[in-house]
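Visitor: Before we start, here is the structure in question, set down as structure tokens.
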Amino acid sequence: MSLDVVKLFKSYYARNTVPPPSSIERREFAFSLFNSQGMFRHIAFSNGEEMNSFLREKVPQHAYYSTAYYSDPAAQDMDEKGWLGADLVFDIDVDHINTPCKVLHDTWRCRDCGAEGWGMVEKCPSCGSERLDRQTWVCDQCISVAREEILKLVDILEEDFGISRDEMYVAFSGHRGFHLHVENKLLAELDQEARRELADYVRGLGIDPDLYIVKARRGYVYRFKPDDPGWRGRIAKLLMLREEAGAELAREELRRLILECVAEARANIDEKVTMDVKRLIRLPGTLHGKTGLKVLKLTVQQLEAMDARSVLEKAIALPDEPVRVEMEKWPKRVLTSVFPDEADERTLPLYLAVYLALNGKARILGPA
Amino acid sequence: MPEALRVALSTDDYRWYPFLPEALRVVQELGLTLEELGETPLGLEILEAAKSRVLTVIESGAYPPPSDDYRLEVSVFTTALLILSQVGDRALTEKFAVAFSKRVFESIERDSSKRPELLLYLATVFGWSFRVEGGGVSVHFKDYVYAQPEFTGPWKLVNRQVSGGYVWVTWREFARLLQTGVKKHVARLVDSAGVDPSAVPERLYAAVEEVSRRWAEARSEVLAYARAGYRKGDASVFPPCIRALLEEIQSGKNLTHSARFALASFLLSIGFSVDETLEVFKASPDYREDLARYQVEHIAGLRGSRTKYTPYKCDNMRSLGLCRWSCQGVKHPLQFFYRAVRGRPPRVT
């Protein structure tokens with residue numbers, strides 16, 4: 001049996017209705033299609049039905065919409081689109097985060113010296129080359145880390161910026177992380193500079209520890225109390241958990257401790273996404289063409305109530321009929337499954353087989 | 001936002017804060033029309049003063065202190081904005097707005113201790129959300145990041161007290177935020193001061209041309225850009241009329257007298273030296289160094305009447321058969337150049 005992904009995607013879109021994004025008529029859409037190079041951009045829809053008939057007819061491999069609002073979203077030239085504003089968007093992607101599970105599923109191979117191994121490496125540990133072929137997978141532990149980051153982010157946005165969770169929604173990207181969308185009229189007009197400042201804020205970037213400490217008798221102490229607002233209190237709370245921070249400290253020592261607390265409390269976002277006021281981002285409800293998982297829209301409350309495993313389970317959109325799968329290098333952990341033993345061939349649910357085939361070199365042999 | 005923000009404005013305030021809606025109403029009450037700017041003695045006085053304000057900013061980077069007559073001051077200010085909007089160069093507008101906001105800051109600082117309500121009123125005019133508390137002012141973060149003077153150290157948002165969407169600042173810091181607010185407000189006023197170019201009277205246009213020329217002289221980096229573009233054969237910063245002339249001359253055609261004048265005066269205006277301009281003309285089959293030098297130096301204002309000639313405006317180019325295009329919002333080839341250099345080339349049809 002050869003894998004007919006298009007057919008699976010087609011049947012998904014035939015059976016499901018994708019909810020339109022807010023102000024759909026002001027958004028630009030973009031799609032990449034199976035068996036076709038490049039991105040089809042500058043597409044606009046006036047309502048959800050139009051968008052869904054497009055999805056059913058074209059069956060895209062990837063579907064995106066603009067975080068920006070335009071007066072003429074279908075205009076070919078970006079200058080002629082008439083930018084009206086953009087949602088504030090944050091992206092958390094475990095691709096950038098060294099999660100502890102990576103040694104269980106990610107592999108690399110050096111193109112220069114041929115060395116290979118498990119886990120996440122920046123460059124080849126034996127020859128130093130940066131030309132690496134990587135095979136990365138996602139598992140519930142990765143998603144759990146990403147979920148934690150999102151919840152830290154939500155806390156900062158709520159507490160410090162006074163943004164209500166009613167104005168936010170979370171989307172599991174269908175692959176390695178989450179997007180957090182803020183739809184607020186006043187914030188929509190923020191320019192790139194302002195968005196960079198907000199991105200720096202949630203990342204704790206640019207904190208000057210000298211502004212947070214004060215000279216005491218024999219050394220330095222932290223200036224603020226745990227109930228102080230913003231980063232001041234956030235750092236204070238974490239410092240309380242550290243025994244060494246109780247006493248007066250040398251300046252360098254206290255500075256280092258503060259920065260450690262910042263590293264712990266910061267939300268590890270990809271700042272490029274937040275800064276971009278004309279970003280295309282995955283359309284919730286559609287399928288991710290590299291995983292076959294659904295881009296899953298959640299409220300903050302829903303995400304809080306779910307663990308990573310249930311997020312992944314809810315994102316499963318393709319059938320679970322058992323199929324036989326063959327692959328050379330199996331990850332030990334992938335999505336919600338664990339493969340502790342070596343094997344050439346396994347019987348797996350179809351959705352998992354599709355993920356392994358789309359994202360790696362698995363071959364689906366046929367029904368079990 | 002305070003429920004009832006009351007501030008008593010005097011005509012003296014209009015001198016220092018001529019951008020306030022109340023002050024701008026003064027100009028409306030005067031009933032001074034665009035046509036009168038170029039005709040009546042009062043109009044001419046205002047126009048001259050406005051031009052000289054902009055030129056002072058170009059030359060010294062500082063905005064002069066306000067005059068004693070508040071009516072004159074407000075009229076001069078709004079006319080300066082009109083000139084800037086016609087020149088259409090964002091960098092000049094920015095320079096003007098910075099200089100102006102520094103001047104206003106003197107007054108804001110004076111008022112910050114005596115009349116803090118005036119500062120709050122300025123913030124209201126800019127549309128900011130804020131509340132007075134804890135011996136300072138809490139400003140909504142969106143307005144704070146909009147007006148933040150620096151993005152490091154104590155001004156960096158991450159180093160501030162941020163709570164429930166508000167950033168707490170001292171009155172002194174509030175005054176500094178307002179300075180940026182003034183700067184951006186003025187830039188916005190220039191953007192919205194758009195007037196149909198066909199309604200601009202001749203005298204006002206002469207002022208626009210003079211400002212454009214002086215600004216061009218002052219901008220060596222723009223010149224460097226243009227020179228580099230010319231050398232690399234990338235003439236995209238030049239308007240289509242000038243580009244066409246460059247192509248003709250490079251392909252070895254002889255240009256008419258008016259075409260030569262248009263090209264030479266354009267290149268000299270954006271800062272090419274006489275020798276650089278001559279380089280361009282050397283490709284001409286009938287090039288004669290002595291004659292050409294004489295002509296170019298004449299256009300450059302080094303000979304004869306000693307007037308430096310500004311390039312033809314678009315209307316004249318059209319009449320002379322040198323323009324077959326329509327560049328959106330452009331009345332003068334130099335305008336095209338400045339916008340293109342700033343990355344906003346006008347649409348050509």
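Residues in the structure tokens are named by chain (A, B, ... in the order shown) and by number from 1 within that chain; ligands are numbered from 1 in the order shown.
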Chain B residues within 10 Å of chain A, counting only C-alpha atoms: which ones, as a list in words?

Guide: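 Residues of chain B within 10 Å of chain A, counting only C-alpha atoms: His140, Phe141, Lys142, Asp143, Tyr144, Val145, Tyr146, Ala147, Gln148, Phe151, Thr152, Gly153, Pro154, Lys156, Leu157, Val158, Asn159, Arg160, Gln161, Val162, Ser163, Gly164, Gly165, Tyr166, Val167 and Arg344 of chain B.
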
Visitor: Identify, on the basis of only C-alpha atoms, every residue whose closest approach to segment 49-54 of chain B does not exceed 8 Å; exclude the query and any residue fewer than 3 positions from it along the same chain; express the result as a ChimeraX atom specification.

Guide: /B:45-46,57-58,63-64,76-77,79-80,83,96,207,211

Visitor: Any chance you can output those residues with C-alpha atoms as a PDB file, in the first residue's frame?

Guide:
ATOM      1  CA  GLU B  45       5.544  87.304   6.605  1.00  0.00           C
ATOM      2  CA  ILE B  46       4.221  84.011   7.929  1.00  0.00           C
ATOM      3  CA  VAL B  57      16.469  73.338  11.794  1.00  0.00           C
ATOM      4  CA  ILE B  58      18.341  72.059   8.736  1.00  0.00           C
ATOM      5  CA  TYR B  63      14.151  75.015  16.670  1.00  0.00           C
ATOM      6  CA  PRO B  64      14.159  78.753  17.461  1.00  0.00           C
ATOM      7  CA  VAL B  76       4.139  79.979  11.356  1.00  0.00           C
ATOM      8  CA  PHE B  77       4.160  76.530  12.940  1.00  0.00           C
ATOM      9  CA  THR B  79       2.808  76.724   7.682  1.00  0.00           C
ATOM     10  CA  ALA B  80       6.108  75.004   8.475  1.00  0.00           C
ATOM     11  CA  ILE B  83       6.082  73.083   3.762  1.00  0.00           C
ATOM     12  CA  PHE B  96      12.220  68.998  12.385  1.00  0.00           C
ATOM     13  CA  ALA B 207       9.621  78.068  -0.377  1.00  0.00           C
ATOM     14  CA  VAL B 211      13.864  74.041   1.505  1.00  0.00           C
TER      15      VAL B 211
END

Visitor: Hey, what's within 8 Å of Val195 of chain B if we count only C-alpha atoms and toss same-chain stuff fewer than 5 positions away? As a PyMOL selection string, please?

Guide: chain B and resi 82+86+200

Visitor: Could you write those residues out with N, CA, C and O atoms, as a short mmCIF file (atom, residue, chain, number, x, y, z; two decimals), in the first residue's frame?

Guide:
data_model
loop_
_atom_site.label_atom_id
_atom_site.label_comp_id
_atom_site.auth_asym_id
_atom_site.auth_seq_id
_atom_site.Cartn_x
_atom_site.Cartn_y
_atom_site.Cartn_z
N LEU B 82 3.13 72.53 6.68
CA LEU B 82 2.66 72.46 5.30
C LEU B 82 3.86 72.34 4.34
O LEU B 82 3.85 71.55 3.41
N GLN B 86 4.85 69.16 1.88
CA GLN B 86 5.07 69.29 0.45
C GLN B 86 6.46 68.78 0.03
O GLN B 86 6.62 68.22 -1.04
N VAL B 200 -1.47 74.54 -4.26
CA VAL B 200 -0.36 75.22 -3.60
C VAL B 200 0.05 76.45 -4.40
O VAL B 200 0.41 76.34 -5.58
#

Visitor: What gap, in Å, lies between atom CA of Glu243 of chain A and atom CA of Ala265 of chain A?

Guide: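 Spanning atom CA of Glu243 of chain A to atom CA of Ala265 of chain A is a straight-line distance of 17.9 Å.
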
Visitor: Which residues, written as a short mmCIF file (atom, residue, chain, number, x, y, z; two decimals) with N, CA and C atoms, in the first residue's frame, have at least one atom at most 6 Å from segment 51-68 of chain A, with only C-alpha atoms counted and residues fewer than 6 positions away on the same chain left out?

Guide:
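Dumped everything to part_35.cif:
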data_model
loop_
_atom_site.label_atom_id
_atom_site.label_comp_id
_atom_site.auth_asym_id
_atom_site.auth_seq_id
_atom_site.Cartn_x
_atom_site.Cartn_y
_atom_site.Cartn_z
N LYS A 10 -7.93 14.91 2.24
CA LYS A 10 -9.16 15.25 1.53
C LYS A 10 -10.38 14.80 2.34
N TYR A 13 -10.93 17.13 5.33
CA TYR A 13 -11.60 18.41 5.03
C TYR A 13 -13.05 18.20 4.59
N ALA A 14 -13.34 17.00 4.02
CA ALA A 14 -14.73 16.72 3.62
C ALA A 14 -15.60 16.53 4.86
N ARG A 27 -8.17 39.29 6.30
CA ARG A 27 -6.96 38.47 6.41
C ARG A 27 -6.48 38.00 5.04
N GLU A 28 -5.16 37.87 4.96
CA GLU A 28 -4.58 37.22 3.79
C GLU A 28 -4.42 35.74 4.12
N PHE A 29 -4.64 34.87 3.14
CA PHE A 29 -4.41 33.44 3.33
C PHE A 29 -3.30 32.98 2.39
N ALA A 30 -2.64 31.91 2.81
CA ALA A 30 -1.59 31.36 1.96
C ALA A 30 -1.58 29.84 2.14
N PHE A 31 -1.30 29.15 1.07
CA PHE A 31 -1.34 27.69 1.11
C PHE A 31 -0.18 27.11 0.33
N SER A 32 0.29 25.95 0.80
CA SER A 32 1.15 25.20 -0.10
C SER A 32 0.41 23.90 -0.41
N LEU A 33 0.53 23.47 -1.65
CA LEU A 33 -0.24 22.32 -2.10
C LEU A 33 0.67 21.10 -2.27
N PHE A 34 0.05 19.93 -2.18
CA PHE A 34 0.81 18.70 -2.42
C PHE A 34 1.27 18.70 -3.88
N PHE A 45 -10.76 35.55 1.52
CA PHE A 45 -12.11 34.97 1.54
C PHE A 45 -13.04 35.95 2.23
N GLY A 85 -3.38 46.79 10.96
CA GLY A 85 -3.04 46.37 12.31
C GLY A 85 -2.74 44.89 12.29
N ALA A 86 -2.32 44.35 13.43
CA ALA A 86 -2.03 42.92 13.48
C ALA A 86 -2.23 42.42 14.89
N ASP A 87 -2.68 41.16 14.99
CA ASP A 87 -2.77 40.54 16.31
C ASP A 87 -1.36 40.46 16.89
N LYS A 278 3.56 41.37 9.78
CA LYS A 278 2.90 40.84 8.58
C LYS A 278 3.11 39.34 8.48
N ARG A 279 2.99 38.68 9.60
CA ARG A 279 3.30 37.26 9.67
C ARG A 279 2.17 36.40 9.12
N LEU A 280 2.55 35.33 8.46
CA LEU A 280 1.58 34.29 8.11
C LEU A 280 1.73 33.19 9.15
N ILE A 281 0.62 32.71 9.68
CA ILE A 281 0.70 31.72 10.75
C ILE A 281 -0.32 30.63 10.48
N ARG A 282 -0.08 29.44 11.04
CA ARG A 282 -0.95 28.29 10.73
C ARG A 282 -2.40 28.55 11.11
N LEU A 283 -3.26 28.12 10.24
CA LEU A 283 -4.69 28.31 10.45
C LEU A 283 -5.25 27.20 11.33
N HIS A 288 -1.45 19.92 9.68
CA HIS A 288 -0.05 20.23 9.46
C HIS A 288 0.52 19.21 8.48
N GLY A 289 1.04 19.70 7.36
CA GLY A 289 1.46 18.80 6.30
C GLY A 289 2.68 17.96 6.59
#
